[in-house]
Amino acid sequence: MEKIIDCAIIGGGPGGLTAGLYATRGGLKDVVLFEMGMPGGQITQSSEIENYPGFFDHTKSGMDFMDTWQEQCFSFGLKHEMKKVDSVRKENKLFTISLEGGNSVKAKTVIVATGSTPKRAGFNGEDEFFGRGVSTCATCDGFFYKNKPVTVLGGGDTALEEAVYLSNICSDVYVIHRRDEFRAAPSTVERVMNKENIHLVLDSVIEEVIGDNMGVVGVKVKNKDGEIKSIMSPGLFVFVGHNVNNSVLKEGSKFICDVNENGQVIVNLKMQTSVEGLYAVGDMRIDAPKQVVSAAGDGSIAALQAISYIQEEKYL
Ligand code: FAD
Ligand code: NAP
């Protein structure tokens, strides 16, 4: 007979890893975390984290921060399968998790923690020069532009935090934002304002990348009056938000559970979706504060719910 696991967790960011920790430590026997890459999630792209309670070390990156999470979770018996999940379906009270490549696994409960992916802004040359000067990760690529000027697009927390990070490596950082007000936290805006080598280019959008066969050379920027100017810099960092990674819950053009107009999964305070035994946590759920601490909190809630669901034998 095909083996049925207690809990399948999809996604190995802070939400999925915490769900794994609570599910295994709470007594579930077969808990498998499906993560298509290395566990850690989006925060591994961050140069620093200063708002996770109890962690107050400016010298550590998001990658350093997540290292011990994996170690702790796996020590309690969480299994990691480095696989991309294609879909989740429920039939006869059990879930089938279909994996890329054709295999599938049956589970009594599923916790989806697939997070979100950086959006593209849509200017000319963005795709063509992606990986050749256009980047969405300052930690990964900032060093390539040591003592050189770079451009950052966006006015949210990510854009401004990464602009500060880049300002410590690069000679000048030009922040291009389409409005004259920022979405980022006031304290982050203040940090940007206090950096002499960060230059704000407001009420402006990128028209196109200026590039050659070596990669990005600069950008053409248009302001609200239609004036166009060029900023010459070999690095262009795009931080314009994220798309919800909800494809595992899609069946054709519909979803197997309720989602809102932005594709965020609708859950209650117990992280229960509209499908019994299926939970959604972290950045992919409605009203997500999009924080490590809240994704982790969601993961713990969902795991405790999954444990109760299994103890009450609701899967029978
Ligand atoms: P994610 O971290 O997005 O993890 C989802 C995981 O699921 C990924 O590892 C992905 O590979 C995997 N996955 C997706 N689809 C599949 C699939 N089909 N099959 C298998 N695996 C899949 N928050 C803070 O609290 N403080 C900060 O300072 C901070 N800084 C940030 C800086 C940056 C640059 C960014 C991008 C984000 C930052 N955030 C910060 C936000 C924080 O990283 C996220 O809120 C948090 O990581 C969300 O966790 P998650 O578990 O929901 O999803
Ligand atoms: P975000 O808050 O959605 O900000 C996206 C920014 O990009 C906005 O300023 C937006 O402009 C701009 N933008 C969007 N589409 C654009 C386009 N096509 N062209 C040009 N500009 C465009 O995204 P984020 O900064 O990645 O943050 C995501 C979430 O993670 C947020 O909830 C944030 O608070 C959280 N986060 C938190 C921290 C932290 O707490 N330390 C750090 C990073 C991220 P408008 O403002 O005009 O819409």
# chains A, B, ... in the order shown; residues from 1 in each chain; ligands from 1
call {"tool": "closest_atom_pairs", "arguments": {"of": "chain A", "to": "ligand 1", "cutoff": "6 Å", "atoms": "only C-alpha atoms and all ligand atoms", "output": "Markdown table"}}
result
| residue | atom | partner | partner_atom_place_in_ligand_line | distance |
| --- | --- | --- | --- | --- |
| A:Ile10 | CA | ligand 1 | 20 (C) | 5.4 |
| A:Gly11 | CA | ligand 1 | 7 (O) | 3.2 |
| A:Gly12 | CA | ligand 1 | 6 (C) | 4.7 |
| A:Gly13 | CA | ligand 1 | 4 (O) | 3.5 |
| A:Pro14 | CA | ligand 1 | 51 (O) | 4.1 |
| A:Gly15 | CA | ligand 1 | 51 (O) | 3.5 |
| A:Gly16 | CA | ligand 1 | 51 (O) | 5.4 |
| A:Phe34 | CA | ligand 1 | 20 (C) | 5.2 |
| A:Glu35 | CA | ligand 1 | 21 (N) | 3.7 |
| A:Met36 | CA | ligand 1 | 20 (C) | 4.2 |
| A:Gly37 | CA | ligand 1 | 11 (O) | 5.4 |
| A:Pro39 | CA | ligand 1 | 9 (O) | 5.5 |
| A:Gly40 | CA | ligand 1 | 9 (O) | 5.7 |
| A:Gly41 | CA | ligand 1 | 2 (O) | 3.3 |
| A:Gln42 | CA | ligand 1 | 2 (O) | 3.9 |
| A:Ile43 | CA | ligand 1 | 43 (O) | 3.6 |
| A:Gln45 | CA | ligand 1 | 34 (C) | 5.2 |
| A:Ser46 | CA | ligand 1 | 34 (C) | 4.2 |
| A:Ile49 | CA | ligand 1 | 28 (O) | 4.0 |
| A:Glu50 | CA | ligand 1 | 28 (O) | 5.8 |
| A:Asn51 | CA | ligand 1 | 26 (N) | 5.6 |
| A:Lys83 | CA | ligand 1 | 20 (C) | 5.9 |
| A:Lys84 | CA | ligand 1 | 19 (N) | 3.6 |
| A:Val85 | CA | ligand 1 | 19 (N) | 3.9 |
| A:Asp86 | CA | ligand 1 | 18 (N) | 5.7 |
| A:Ala113 | CA | ligand 1 | 51 (O) | 5.3 |
| A:Thr114 | CA | ligand 1 | 7 (O) | 3.6 |
| A:Gly115 | CA | ligand 1 | 3 (O) | 3.4 |
| A:Ser116 | CA | ligand 1 | 3 (O) | 4.8 |
| A:Thr158 | CA | ligand 1 | 34 (C) | 5.2 |
| A:Asn245 | CA | ligand 1 | 15 (N) | 5.8 |
| A:Val248 | CA | ligand 1 | 18 (N) | 5.8 |
| A:Gly282 | CA | ligand 1 | 52 (O) | 3.3 |
| A:Asp283 | CA | ligand 1 | 52 (O) | 4.0 |
| A:Lys290 | CA | ligand 1 | 45 (O) | 3.6 |
| A:Gln291 | CA | ligand 1 | 25 (O) | 3.4 |
| A:Val292 | CA | ligand 1 | 25 (O) | 3.9 |
| A:Val293 | CA | ligand 1 | 25 (O) | 5.6 |
| A:Ala295 | CA | ligand 1 | 52 (O) | 5.1 |
call {"tool": "residues_near_ligand", "arguments": {"ligand": "ligand 2", "cutoff": "10 Å", "atoms": "only C-alpha atoms and all ligand atoms", "output": "PyMOL selection string"}}
result
chain A and resi 42-43+46+48-52+116-123+136+153-162+176-185+187-188+203-207+238-243+283+287-293
call {"tool": "atom_distance", "arguments": {"atom1": "atom CA of A:Lys108", "atom2": "atom CA of A:Asn268"}}
result
19.8 Å
call {"tool": "residues_around", "arguments": {"residues": "A:Ala23", "least_positions_apart": "6", "cutoff": "9 Å", "atoms": "only C-alpha atoms", "output": "list in words"}}
result
Cys7, Lys29, Val31, Leu78, Ser300, Ala302, Ala303, Leu304, Ala306 and Ile307 of chain A
call {"tool": "closest_residue", "arguments": {"among": "A:Thr68, A:Asn223, A:Asn213, A:Ser247", "to": "A:Ser87", "atoms": "only C-alpha atoms"}}
result
A:Ser247
call {"tool": "select_by_dssp", "arguments": {"residues": "stretch 146-281 of chain A", "states": "strand (DSSP E or B)", "output": "short mmCIF file (atom, residue, chain, number, x, y, z; two decimals) with all heavy atoms, in the first residue's frame"}}
result
data_model
loop_
_atom_site.label_atom_id
_atom_site.label_comp_id
_atom_site.auth_asym_id
_atom_site.auth_seq_id
_atom_site.Cartn_x
_atom_site.Cartn_y
_atom_site.Cartn_z
N PRO A 149 29.02 53.33 -9.31
CA PRO A 149 27.64 53.76 -9.06
C PRO A 149 26.61 52.69 -9.45
O PRO A 149 26.85 51.95 -10.42
CB PRO A 149 27.50 54.99 -9.97
CG PRO A 149 28.52 54.81 -11.03
CD PRO A 149 29.62 53.95 -10.50
N VAL A 150 25.53 52.62 -8.69
CA VAL A 150 24.44 51.70 -9.05
C VAL A 150 23.10 52.44 -8.97
O VAL A 150 23.00 53.50 -8.35
CB VAL A 150 24.37 50.46 -8.13
CG1 VAL A 150 25.56 49.54 -8.33
CG2 VAL A 150 24.20 50.85 -6.68
N THR A 151 22.10 51.82 -9.59
CA THR A 151 20.75 52.39 -9.57
C THR A 151 19.82 51.39 -8.89
O THR A 151 19.97 50.19 -9.09
CB THR A 151 20.28 52.64 -11.02
OG1 THR A 151 21.28 53.42 -11.68
CG2 THR A 151 18.97 53.36 -11.07
N VAL A 152 18.89 51.92 -8.11
CA VAL A 152 17.89 51.08 -7.43
C VAL A 152 16.52 51.58 -7.87
O VAL A 152 16.28 52.79 -7.89
CB VAL A 152 18.05 51.20 -5.90
CG1 VAL A 152 16.83 50.66 -5.16
CG2 VAL A 152 19.31 50.50 -5.42
N LEU A 153 15.62 50.66 -8.21
CA LEU A 153 14.26 51.06 -8.57
C LEU A 153 13.28 50.60 -7.48
O LEU A 153 13.27 49.42 -7.11
CB LEU A 153 13.85 50.43 -9.90
CG LEU A 153 12.43 50.78 -10.37
CD1 LEU A 153 12.31 52.27 -10.71
CD2 LEU A 153 12.02 49.94 -11.57
N ASP A 172 28.07 55.48 -5.46
CA ASP A 172 26.83 56.28 -5.43
C ASP A 172 25.65 55.36 -5.70
O ASP A 172 25.77 54.40 -6.47
CB ASP A 172 26.85 57.35 -6.53
CG ASP A 172 27.90 58.39 -6.26
OD1 ASP A 172 27.64 59.32 -5.47
OD2 ASP A 172 29.02 58.23 -6.80
N VAL A 173 24.53 55.67 -5.07
CA VAL A 173 23.32 54.88 -5.30
C VAL A 173 22.21 55.84 -5.71
O VAL A 173 21.85 56.76 -4.96
CB VAL A 173 22.89 54.10 -4.02
CG1 VAL A 173 21.63 53.29 -4.29
CG2 VAL A 173 24.02 53.21 -3.53
N TYR A 174 21.68 55.65 -6.91
CA TYR A 174 20.58 56.48 -7.41
C TYR A 174 19.28 55.71 -7.20
O TYR A 174 19.10 54.64 -7.78
CB TYR A 174 20.79 56.80 -8.90
CG TYR A 174 22.03 57.61 -9.12
CD1 TYR A 174 23.26 56.97 -9.37
CD2 TYR A 174 22.00 58.99 -9.03
CE1 TYR A 174 24.42 57.72 -9.54
CE2 TYR A 174 23.15 59.75 -9.20
CZ TYR A 174 24.36 59.11 -9.45
OH TYR A 174 25.50 59.85 -9.60
N VAL A 175 18.40 56.24 -6.36
CA VAL A 175 17.12 55.56 -6.09
C VAL A 175 16.05 56.21 -6.95
O VAL A 175 15.72 57.40 -6.76
CB VAL A 175 16.73 55.64 -4.60
CG1 VAL A 175 15.36 55.01 -4.37
CG2 VAL A 175 17.77 54.95 -3.73
N ILE A 176 15.50 55.43 -7.87
CA ILE A 176 14.46 55.95 -8.76
C ILE A 176 13.11 55.47 -8.23
O ILE A 176 12.90 54.27 -8.05
CB ILE A 176 14.67 55.43 -10.20
CG1 ILE A 176 16.05 55.86 -10.70
CG2 ILE A 176 13.57 55.92 -11.12
CD1 ILE A 176 16.47 55.18 -11.98
N ILE A 198 23.58 58.47 -1.35
CA ILE A 198 22.30 58.03 -1.96
C ILE A 198 21.62 59.27 -2.54
O ILE A 198 21.42 60.28 -1.84
CB ILE A 198 21.38 57.32 -0.95
CG1 ILE A 198 22.05 56.07 -0.38
CG2 ILE A 198 20.05 56.96 -1.61
CD1 ILE A 198 21.17 55.22 0.53
N HIS A 199 21.26 59.17 -3.80
CA HIS A 199 20.64 60.31 -4.49
C HIS A 199 19.23 59.90 -4.92
O HIS A 199 19.07 58.88 -5.60
CB HIS A 199 21.47 60.70 -5.72
CG HIS A 199 22.94 60.73 -5.43
ND1 HIS A 199 23.54 61.74 -4.69
CD2 HIS A 199 23.93 59.84 -5.73
CE1 HIS A 199 24.84 61.48 -4.57
NE2 HIS A 199 25.10 60.33 -5.18
N LEU A 200 18.24 60.67 -4.51
CA LEU A 200 16.85 60.32 -4.83
C LEU A 200 16.44 60.93 -6.17
O LEU A 200 16.65 62.14 -6.41
CB LEU A 200 15.92 60.80 -3.72
CG LEU A 200 16.21 60.23 -2.33
CD1 LEU A 200 15.23 60.79 -1.31
CD2 LEU A 200 16.12 58.71 -2.35
N VAL A 201 15.87 60.09 -7.01
CA VAL A 201 15.36 60.55 -8.31
C VAL A 201 13.86 60.25 -8.26
O VAL A 201 13.41 59.14 -8.56
CB VAL A 201 16.04 59.78 -9.47
CG1 VAL A 201 15.59 60.32 -10.81
CG2 VAL A 201 17.56 59.84 -9.34
N SER A 204 9.75 59.63 -11.01
CA SER A 204 10.44 59.20 -12.25
C SER A 204 10.31 57.70 -12.45
O SER A 204 10.21 56.93 -11.49
CB SER A 204 11.92 59.55 -12.15
OG SER A 204 12.09 60.94 -12.04
N VAL A 205 10.34 57.33 -13.71
CA VAL A 205 10.32 55.89 -14.06
C VAL A 205 11.48 55.57 -15.00
O VAL A 205 12.01 56.48 -15.66
CB VAL A 205 8.99 55.48 -14.75
CG1 VAL A 205 7.81 55.60 -13.79
CG2 VAL A 205 8.75 56.29 -16.01
N ILE A 206 11.81 54.29 -15.08
CA ILE A 206 12.87 53.89 -16.02
C ILE A 206 12.24 53.69 -17.39
O ILE A 206 11.26 52.94 -17.53
CB ILE A 206 13.58 52.60 -15.55
CG1 ILE A 206 14.32 52.87 -14.23
CG2 ILE A 206 14.56 52.11 -16.62
CD1 ILE A 206 15.10 51.68 -13.70
N GLU A 207 12.78 54.39 -18.36
CA GLU A 207 12.32 54.23 -19.75
C GLU A 207 12.94 52.99 -20.36
O GLU A 207 12.27 52.17 -20.96
CB GLU A 207 12.76 55.45 -20.57
CG GLU A 207 11.77 56.58 -20.56
CD GLU A 207 10.60 56.33 -21.47
OE1 GLU A 207 10.76 56.44 -22.70
OE2 GLU A 207 9.52 56.01 -20.93
N GLU A 208 14.27 52.90 -20.23
CA GLU A 208 14.95 51.73 -20.79
C GLU A 208 16.36 51.60 -20.25
O GLU A 208 16.93 52.54 -19.70
CB GLU A 208 15.00 51.81 -22.31
CG GLU A 208 15.78 52.98 -22.85
CD GLU A 208 15.89 52.92 -24.38
OE1 GLU A 208 16.25 51.87 -24.91
OE2 GLU A 208 15.63 53.96 -25.01
N VAL A 209 16.87 50.38 -20.39
CA VAL A 209 18.26 50.12 -19.99
C VAL A 209 19.16 50.56 -21.14
O VAL A 209 18.85 50.31 -22.31
CB VAL A 209 18.46 48.60 -19.75
CG1 VAL A 209 19.92 48.28 -19.46
CG2 VAL A 209 17.56 48.12 -18.63
N ILE A 210 20.25 51.21 -20.79
CA ILE A 210 21.29 51.47 -21.80
C ILE A 210 22.31 50.36 -21.60
O ILE A 210 22.82 50.16 -20.50
CB ILE A 210 21.98 52.85 -21.57
CG1 ILE A 210 20.94 53.97 -21.47
CG2 ILE A 210 22.99 53.13 -22.67
CD1 ILE A 210 21.50 55.29 -20.94
N GLY A 211 22.52 49.59 -22.65
CA GLY A 211 23.45 48.48 -22.48
C GLY A 211 24.22 48.17 -23.74
O GLY A 211 23.91 48.70 -24.82
N ASP A 212 25.22 47.32 -23.58
CA ASP A 212 25.95 46.83 -24.75
C ASP A 212 26.16 45.33 -24.57
O ASP A 212 25.56 44.73 -23.68
CB ASP A 212 27.27 47.60 -24.93
CG ASP A 212 28.18 47.47 -23.72
OD1 ASP A 212 28.01 46.49 -22.95
OD2 ASP A 212 29.05 48.33 -23.53
N GLY A 215 26.81 44.15 -21.03
CA GLY A 215 25.77 44.27 -20.00
C GLY A 215 25.29 45.70 -19.84
O GLY A 215 25.41 46.52 -20.77
N VAL A 216 24.74 45.99 -18.64
CA VAL A 216 24.16 47.32 -18.38
C VAL A 216 25.26 48.38 -18.32
O VAL A 216 26.32 48.15 -17.73
CB VAL A 216 23.38 47.30 -17.05
CG1 VAL A 216 22.92 48.71 -16.67
CG2 VAL A 216 22.19 46.37 -17.13
N VAL A 217 24.96 49.53 -18.91
CA VAL A 217 25.88 50.67 -18.85
C VAL A 217 25.20 51.81 -18.07
O VAL A 217 25.85 52.60 -17.40
CB VAL A 217 26.23 51.13 -20.29
CG1 VAL A 217 27.09 52.38 -20.25
CG2 VAL A 217 26.92 50.02 -21.06
N GLY A 218 23.88 51.86 -18.18
CA GLY A 218 23.14 52.91 -17.50
C GLY A 218 21.65 52.76 -17.73
O GLY A 218 21.19 51.73 -18.26
N VAL A 219 20.87 53.77 -17.31
CA VAL A 219 19.43 53.75 -17.54
C VAL A 219 18.95 55.10 -18.04
O VAL A 219 19.53 56.14 -17.68
CB VAL A 219 18.62 53.41 -16.26
CG1 VAL A 219 18.72 51.95 -15.91
CG2 VAL A 219 19.04 54.27 -15.08
N LYS A 220 17.89 55.06 -18.86
CA LYS A 220 17.22 56.30 -19.26
C LYS A 220 16.01 56.46 -18.35
O LYS A 220 15.19 55.53 -18.23
CB LYS A 220 16.76 56.21 -20.71
CG LYS A 220 17.82 56.64 -21.67
CD LYS A 220 17.27 56.81 -23.06
CE LYS A 220 18.43 57.06 -24.00
NZ LYS A 220 18.12 56.72 -25.37
N VAL A 221 15.91 57.63 -17.72
CA VAL A 221 14.86 57.87 -16.74
C VAL A 221 13.98 59.03 -17.20
O VAL A 221 14.50 60.05 -17.68
CB VAL A 221 15.52 58.23 -15.38
CG1 VAL A 221 14.47 58.54 -14.34
CG2 VAL A 221 16.41 57.10 -14.91
N LYS A 222 12.65 58.83 -17.07
CA LYS A 222 11.72 59.90 -17.47
C LYS A 222 11.00 60.43 -16.24
O LYS A 222 10.46 59.62 -15.45
CB LYS A 222 10.71 59.32 -18.47
CG LYS A 222 9.79 60.39 -19.04
CD LYS A 222 9.12 59.93 -20.31
CE LYS A 222 7.80 59.29 -20.01
NZ LYS A 222 7.07 58.87 -21.19
N ASN A 223 10.97 61.75 -16.06
CA ASN A 223 10.25 62.30 -14.91
C ASN A 223 8.81 62.64 -15.30
O ASN A 223 8.41 62.48 -16.46
CB ASN A 223 11.00 63.48 -14.27
CG ASN A 223 10.98 64.72 -15.15
OD1 ASN A 223 10.21 64.81 -16.11
ND2 ASN A 223 11.83 65.67 -14.83
N ILE A 228 13.68 63.44 -20.11
CA ILE A 228 14.45 62.20 -20.04
C ILE A 228 15.91 62.51 -19.74
O ILE A 228 16.48 63.44 -20.33
CB ILE A 228 14.33 61.41 -21.37
CG1 ILE A 228 12.88 60.97 -21.54
CG2 ILE A 228 15.28 60.22 -21.41
CD1 ILE A 228 12.60 60.09 -22.72
N LYS A 229 16.47 61.77 -18.76
CA LYS A 229 17.92 61.93 -18.51
C LYS A 229 18.53 60.54 -18.35
O LYS A 229 17.83 59.56 -18.08
CB LYS A 229 18.19 62.81 -17.30
CG LYS A 229 17.84 62.21 -15.98
CD LYS A 229 18.36 63.13 -14.86
CE LYS A 229 17.99 62.55 -13.50
NZ LYS A 229 18.41 63.34 -12.38
N SER A 230 19.84 60.49 -18.55
CA SER A 230 20.53 59.21 -18.41
C SER A 230 21.31 59.18 -17.11
O SER A 230 21.92 60.18 -16.72
CB SER A 230 21.50 59.02 -19.58
OG SER A 230 20.78 59.02 -20.79
N ILE A 231 21.26 58.03 -16.45
CA ILE A 231 22.11 57.82 -15.27
C ILE A 231 23.05 56.68 -15.65
O ILE A 231 22.59 55.58 -15.98
CB ILE A 231 21.27 57.43 -14.03
CG1 ILE A 231 20.32 58.58 -13.67
CG2 ILE A 231 22.16 57.07 -12.86
CD1 ILE A 231 19.33 58.24 -12.56
N MET A 232 24.35 56.95 -15.61
CA MET A 232 25.30 55.94 -16.04
C MET A 232 25.72 55.12 -14.82
O MET A 232 26.29 55.64 -13.86
CB MET A 232 26.52 56.59 -16.71
CG MET A 232 26.16 57.46 -17.91
SD MET A 232 24.88 56.76 -18.99
CE MET A 232 25.86 55.58 -19.90
N GLY A 235 25.14 48.72 -12.59
CA GLY A 235 24.27 47.83 -11.83
C GLY A 235 22.90 48.45 -11.66
O GLY A 235 22.78 49.64 -11.33
N LEU A 236 21.86 47.65 -11.89
CA LEU A 236 20.48 48.15 -11.74
C LEU A 236 19.71 47.14 -10.89
O LEU A 236 19.52 45.99 -11.30
CB LEU A 236 19.84 48.31 -13.13
CG LEU A 236 18.33 48.54 -13.17
CD1 LEU A 236 17.92 49.74 -12.32
CD2 LEU A 236 17.88 48.76 -14.62
N PHE A 237 19.31 47.57 -9.70
CA PHE A 237 18.62 46.68 -8.76
C PHE A 237 17.13 47.01 -8.73
O PHE A 237 16.76 48.15 -8.43
CB PHE A 237 19.25 46.81 -7.37
CG PHE A 237 20.64 46.25 -7.32
CD1 PHE A 237 21.73 47.05 -7.66
CD2 PHE A 237 20.87 44.93 -6.97
CE1 PHE A 237 23.01 46.53 -7.65
CE2 PHE A 237 22.14 44.40 -6.95
CZ PHE A 237 23.22 45.20 -7.30
N VAL A 238 16.31 46.01 -9.05
CA VAL A 238 14.87 46.23 -9.16
C VAL A 238 14.17 45.63 -7.93
O VAL A 238 14.24 44.42 -7.70
CB VAL A 238 14.33 45.58 -10.46
CG1 VAL A 238 12.82 45.78 -10.58
CG2 VAL A 238 15.04 46.16 -11.67
N HIS A 242 6.42 41.81 -5.00
CA HIS A 242 6.47 40.36 -5.20
C HIS A 242 5.16 39.80 -5.71
O HIS A 242 4.11 40.35 -5.44
CB HIS A 242 6.80 39.69 -3.86
CG HIS A 242 8.17 39.99 -3.39
ND1 HIS A 242 8.48 41.15 -2.74
CD2 HIS A 242 9.32 39.30 -3.52
CE1 HIS A 242 9.77 41.17 -2.47
NE2 HIS A 242 10.31 40.07 -2.93
N ASN A 243 5.24 38.66 -6.44
CA ASN A 243 4.05 37.90 -6.82
C ASN A 243 3.84 36.74 -5.86
O ASN A 243 4.81 36.14 -5.40
CB ASN A 243 4.22 37.32 -8.23
CG ASN A 243 4.06 38.40 -9.29
OD1 ASN A 243 3.17 39.25 -9.18
ND2 ASN A 243 4.91 38.37 -10.28
N VAL A 244 2.57 36.43 -5.60
CA VAL A 244 2.25 35.31 -4.69
C VAL A 244 2.51 33.99 -5.42
O VAL A 244 2.03 33.79 -6.53
CB VAL A 244 0.76 35.38 -4.27
CG1 VAL A 244 0.44 34.28 -3.26
CG2 VAL A 244 0.42 36.74 -3.71
N LYS A 250 -3.46 25.77 -7.87
CA LYS A 250 -4.27 26.06 -9.06
C LYS A 250 -4.68 24.79 -9.75
O LYS A 250 -3.88 23.85 -9.88
CB LYS A 250 -3.47 26.91 -10.04
CG LYS A 250 -3.87 28.35 -10.02
CD LYS A 250 -3.25 29.11 -11.16
CE LYS A 250 -3.78 30.54 -11.16
NZ LYS A 250 -2.98 31.40 -11.98
N GLU A 251 -5.93 24.76 -10.21
CA GLU A 251 -6.42 23.65 -11.02
C GLU A 251 -7.04 24.30 -12.25
O GLU A 251 -8.13 24.86 -12.17
CB GLU A 251 -7.47 22.86 -10.23
CG GLU A 251 -7.78 21.54 -10.85
CD GLU A 251 -8.55 20.64 -9.89
OE1 GLU A 251 -9.20 21.14 -8.94
OE2 GLU A 251 -8.52 19.42 -10.11
N LYS A 254 -8.75 27.83 -12.02
CA LYS A 254 -9.34 28.00 -10.67
C LYS A 254 -8.38 27.55 -9.59
O LYS A 254 -7.39 26.87 -9.88
CB LYS A 254 -10.62 27.17 -10.58
CG LYS A 254 -11.71 27.68 -11.47
CD LYS A 254 -13.03 27.12 -11.03
CE LYS A 254 -14.14 27.76 -11.85
NZ LYS A 254 -15.23 26.86 -12.08
N PHE A 255 -8.72 27.88 -8.35
CA PHE A 255 -7.91 27.43 -7.21
C PHE A 255 -8.68 26.37 -6.44
O PHE A 255 -9.91 26.39 -6.43
CB PHE A 255 -7.60 28.62 -6.29
CG PHE A 255 -6.61 29.58 -6.88
CD1 PHE A 255 -7.05 30.66 -7.65
CD2 PHE A 255 -5.25 29.41 -6.72
CE1 PHE A 255 -6.14 31.55 -8.21
CE2 PHE A 255 -4.34 30.29 -7.27
CZ PHE A 255 -4.78 31.36 -8.02
N VAL A 259 -9.18 32.16 -2.67
CA VAL A 259 -8.09 33.16 -2.69
C VAL A 259 -8.74 34.53 -2.93
O VAL A 259 -9.88 34.59 -3.42
CB VAL A 259 -7.04 32.87 -3.81
CG1 VAL A 259 -6.39 31.51 -3.65
CG2 VAL A 259 -7.64 33.02 -5.20
N VAL A 265 -3.99 33.54 -0.44
CA VAL A 265 -4.89 32.51 0.08
C VAL A 265 -5.66 33.04 1.29
O VAL A 265 -5.07 33.61 2.22
CB VAL A 265 -4.10 31.23 0.46
CG1 VAL A 265 -5.04 30.15 0.99
CG2 VAL A 265 -3.32 30.72 -0.74
N GLN A 272 -6.34 28.08 8.69
CA GLN A 272 -7.12 27.11 7.92
C GLN A 272 -7.60 27.77 6.64
O GLN A 272 -8.10 28.90 6.67
CB GLN A 272 -8.34 26.65 8.74
CG GLN A 272 -7.96 25.84 9.96
CD GLN A 272 -9.11 25.68 10.94
OE1 GLN A 272 -9.90 26.61 11.15
NE2 GLN A 272 -9.21 24.52 11.56
N LEU A 278 -5.99 21.66 4.99
CA LEU A 278 -5.06 22.45 4.17
C LEU A 278 -4.86 23.82 4.82
O LEU A 278 -5.84 24.52 5.08
CB LEU A 278 -5.62 22.63 2.75
CG LEU A 278 -4.80 23.49 1.78
CD1 LEU A 278 -3.49 22.81 1.39
CD2 LEU A 278 -5.61 23.78 0.51
N TYR A 279 -3.60 24.17 5.07
CA TYR A 279 -3.27 25.42 5.75
C TYR A 279 -2.35 26.24 4.85
O TYR A 279 -1.56 25.68 4.08
CB TYR A 279 -2.58 25.13 7.09
CG TYR A 279 -3.37 24.14 7.92
CD1 TYR A 279 -3.17 22.76 7.76
CD2 TYR A 279 -4.34 24.56 8.82
CE1 TYR A 279 -3.93 21.84 8.48
CE2 TYR A 279 -5.11 23.64 9.54
CZ TYR A 279 -4.89 22.29 9.36
OH TYR A 279 -5.65 21.39 10.06
N ALA A 280 -2.44 27.57 4.96
CA ALA A 280 -1.53 28.44 4.19
C ALA A 280 -0.91 29.44 5.16
O ALA A 280 -1.61 30.00 6.01
CB ALA A 280 -2.29 29.16 3.08
#
call {"tool": "residues_around", "arguments": {"residues": "stretch 24-28 of chain A", "least_positions_apart": "4", "cutoff": "12 Å", "atoms": "only C-alpha atoms", "output": "count of residues only"}}
result
34
call {"tool": "closest_residue", "arguments": {"among": "A:Met214, A:Leu202, A:Ile111, A:Thr139", "to": "A:Lys60", "atoms": "only C-alpha atoms"}}
result
A:Thr139
call {"tool": "atom_distance", "arguments": {"atom1": "atom CA of A:Val134", "atom2": "atom CA of A:Arg285"}}
result
28.9 Å
call {"tool": "atom_distance", "arguments": {"atom1": "atom CA of A:Tyr165", "atom2": "atom CA of A:Asn194"}}
result
13.0 Å
call {"tool": "residues_around", "arguments": {"residues": "A:Ile97", "least_positions_apart": "5", "cutoff": "7 Å", "atoms": "only C-alpha atoms", "output": "PyMOL selection string"}}
result
chain A and resi 85+87-89+104-106
